[in-house]
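A short write-up of the structure that comes next.
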Amino acid sequence: MRLVSGGRLHATFEFGDLQVVSLRDGYIDMPPTRLRGEDGRALDVLPAAVPLAGENLRLSVNAFFVTDGTSSLLIDTGASNVWHDPTMGLIYEALEEAEVDRGYITDVAITHRHEDHVSGLIAPDGSEAFGKLERVWIGAADASVFTGRLEPIRDRVVPVTEEVAINGWATALPAPGHTPGHTVYDISSGGGHLLVWGDTVHVPTLQFDRPEVSWELDGDQPRARAARAALLERLARPDHFVAGAHLDSPGIARVSPAGGGYALEYLAAPIG
């Protein structure tokens, strides 16, 4: 995995015979009280290694575009104008900066149903953001999100119920816990495996070192904790990388065992 170019809202990596583009949709600020210990209670003390923006945790919101030059896959779509926050909804600008024509994207994979991941399927003006969209992959238990604003896309939803190949290099892996349909996407190439996840980790400066710490909005905290543990163990294998929706943008890194937890090594310096 090698960084080849970047800008204010994107970073492009060479990954074997694939190109992986990290896209910055923006960031959200959340209170530290959303962090939960194994007892389900808010953490009494936030470690000094966890930075704050004012009194809040600042979470990057990233999406990822992968292509082999012929076929492509966009994983997550950001918040569009649903978040009503000027720090969000930048994915369309990020795609333009990266010289990715969204008018030709046919396949989108959604990690889960929350609005900062799925809302970008519809542009702020109410039109479909991806004019040639043919398929939207999402965990079957999260597919109910395609109502109301997202209703026009419902007929192109491909519900994921088990491990399934999307194309020759992308595989959907169910990883429920944060939501019932939370799904991770395994991107494989001659460079190894890249696991693209949504809300497996919210606070990278804490949850790699202490993976037992969960998030208030994890629908099933024990199950989310178990999914995180399994994914981290997998990522510690040789030639494995992670791309995370809430890792510090551009959000692509290596993971290795360290003490009782894991260490995270970013492949490019954080943006912003």
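Identifiers for the structure tokens are assigned positionally: chains receive A, B, ... in sequence, residues are indexed from 1 per chain, and ligands are indexed from 1 in the order shown.
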**Request:** Give me the residues within 8 Å of Ser72 (chain A) as a PyMOL selection string, counting only C-alpha atoms and dropping any in the same chain fewer than 4 places off.
**Result:** chain A and resi 65-68+105-107
Once you have the residues from the selection above, write them out as a PDB file, in the first residue's frame, restricted to C-alpha atoms.
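The result, written out as again.pdb:
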ATOM      1  CA  PHE A  65     -13.426   4.558  -3.601  1.00  0.00           C
ATOM      2  CA  VAL A  66     -11.690   1.499  -5.049  1.00  0.00           C
ATOM      3  CA  THR A  67     -11.061   0.754  -8.717  1.00  0.00           C
ATOM      4  CA  ASP A  68      -9.085  -1.631 -10.911  1.00  0.00           C
ATOM      5  CA  ILE A 105     -20.206   4.998 -10.307  1.00  0.00           C
ATOM      6  CA  THR A 106     -22.421   1.903 -10.643  1.00  0.00           C
ATOM      7  CA  ASP A 107     -21.782   0.084  -7.345  1.00  0.00           C
TER       8      ASP A 107
END
Report the closest atom pair, with its distance in Å rounded to one decimal, for each residue of region 108-206 of chain A that has an atom no farther than 10 Å from region 91-96 of chain A; count only C-alpha atoms, sort by chain and then rising residue number, and write it as a Markdown table.
| residue | atom | partner | partner_atom | distance |
| --- | --- | --- | --- | --- |
| A:Gly120 | CA | A:Ile91 | CA | 7.7 |
| A:Ala123 | CA | A:Tyr92 | CA | 8.6 |
| A:Ala129 | CA | A:Tyr92 | CA | 8.4 |
Keeping N, CA, C and O atoms, export the residues of the selection given above as an mmCIF file, in the first residue's frame.
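Printed below is out10.cif as written:
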data_model
loop_
_atom_site.group_PDB
_atom_site.id
_atom_site.type_symbol
_atom_site.label_atom_id
_atom_site.label_comp_id
_atom_site.auth_asym_id
_atom_site.auth_seq_id
_atom_site.Cartn_x
_atom_site.Cartn_y
_atom_site.Cartn_z
ATOM 1 N N GLY A 120 -25.425 10.245 1.581
ATOM 2 C CA GLY A 120 -24.839 10.826 0.384
ATOM 3 C C GLY A 120 -25.287 10.187 -0.912
ATOM 4 O O GLY A 120 -24.916 10.658 -1.998
ATOM 5 N N ALA A 123 -28.138 13.677 -3.357
ATOM 6 C CA ALA A 123 -27.465 14.972 -3.310
ATOM 7 C C ALA A 123 -28.325 16.001 -2.577
ATOM 8 O O ALA A 123 -29.537 15.806 -2.405
ATOM 9 N N ALA A 129 -27.276 11.070 -6.377
ATOM 10 C CA ALA A 129 -25.908 11.565 -6.468
ATOM 11 C C ALA A 129 -25.078 10.808 -7.498
ATOM 12 O O ALA A 129 -24.091 11.350 -8.010
#
**Prompt:** Between A:Pro47, A:Gly69, A:Gly168, A:Gly54, which is the closest to Ser189 (chain A) once you count only C-alpha atoms?
**Reply:** A:Gly168
**Request:** Within region 28-270 of chain A, find each residue whose DSSP state, derived from the backbone, is strand (DSSP E or B), and express the selection as a ChimeraX atom specification.
**Result:** /A:28-30,35-36,42,53,56-67,72-75,107-109,122,128,135-139,157-160,164-165,170-174,183-189,192-197,214-215,240-244,252-258,261-266
**Request:** Do a neighbour search on Asp186 (chain A) at 9 Å with only C-alpha atoms, toss out local chain neighbours closer than 4 positions, and write the hits as a list in words.
**Result:** Trp169, Ala170, Thr171, Ala172, Leu173, His193, Leu194, Leu195, Val196 and Trp197 of chain A
**Message:** Can you pull out the residues contacting Leu74 (chain A)? Cut-off 12 Å, using only C-alpha atoms, and skip same-chain residues under 3 positions away; I want them as a VMD selection string.
**Reply:** chain A and resid 19 to 23 62 to 67 71 77 to 78 91 95 100 to 102 104 to 111 117 to 118 120 to 121 130 133 135 to 137 166 170 185 187 196
**Complete:** re CA of Arg149 (chain A) and CA of His112 (chain A): distance 16.4 Å
**Contacts of Tyr266 (chain A) at 7 Å (only C-alpha atoms; same-chain gap of 5+ positions) as a PyMOL selection string** = chain A and resi 252-254
**Item:** Shell of 12 Å around Arg113 (chain A), only C-alpha atoms, local chain residues under 4 positions omitted, as a ChimeraX atom specification
**Value:** /A:76-79,109,117-121,136-147,150,176,178-183,198-199,219
**Request:** Within region 51-202 of chain A, find each residue whose DSSP state, derived from the backbone, is alpha helix (DSSP H), and express the selection as a count of residues only.
**Result:** 11
**Asked** Smallest atom-to-atom distance to His10 (chain A): which of A:Leu46, A:Val157, A:Ala236, A:Ala269, using only C-alpha atoms?
**Response**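 Checking each of A:Leu46, A:Val157, A:Ala236, A:Ala269 against His10 (chain A), counting only C-alpha atoms, the winner is A:Ala269.
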**Request:** Within 12 Å of Asp125 (chain A), counting only C-alpha atoms, which residues show up once you throw out same-chain ones fewer than 6 positions away? Write them as a ChimeraX atom specification, please.
**Result:** /A:80-82,149
**Prompt:** Nearest to Gly261 (chain A): which of A:Ala243, A:Leu206, A:Ile153, A:Leu35 is it, counting only C-alpha atoms?
**Reply:**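 Nearest to Gly261 (chain A): A:Leu206.
Put simply, CA of Pro31 (chain A) is 29.3 Å away from CA of Gly148 (chain A).
Across the model, the gap from CA of His114 (chain A) to CA of Ala245 (chain A) is 11.9 Å.
Shortest atom-to-atom contact with Arg2 (chain A) among A:Glu38, A:Arg223, A:Leu264, A:Gly191: A:Gly191, counting only C-alpha atoms.
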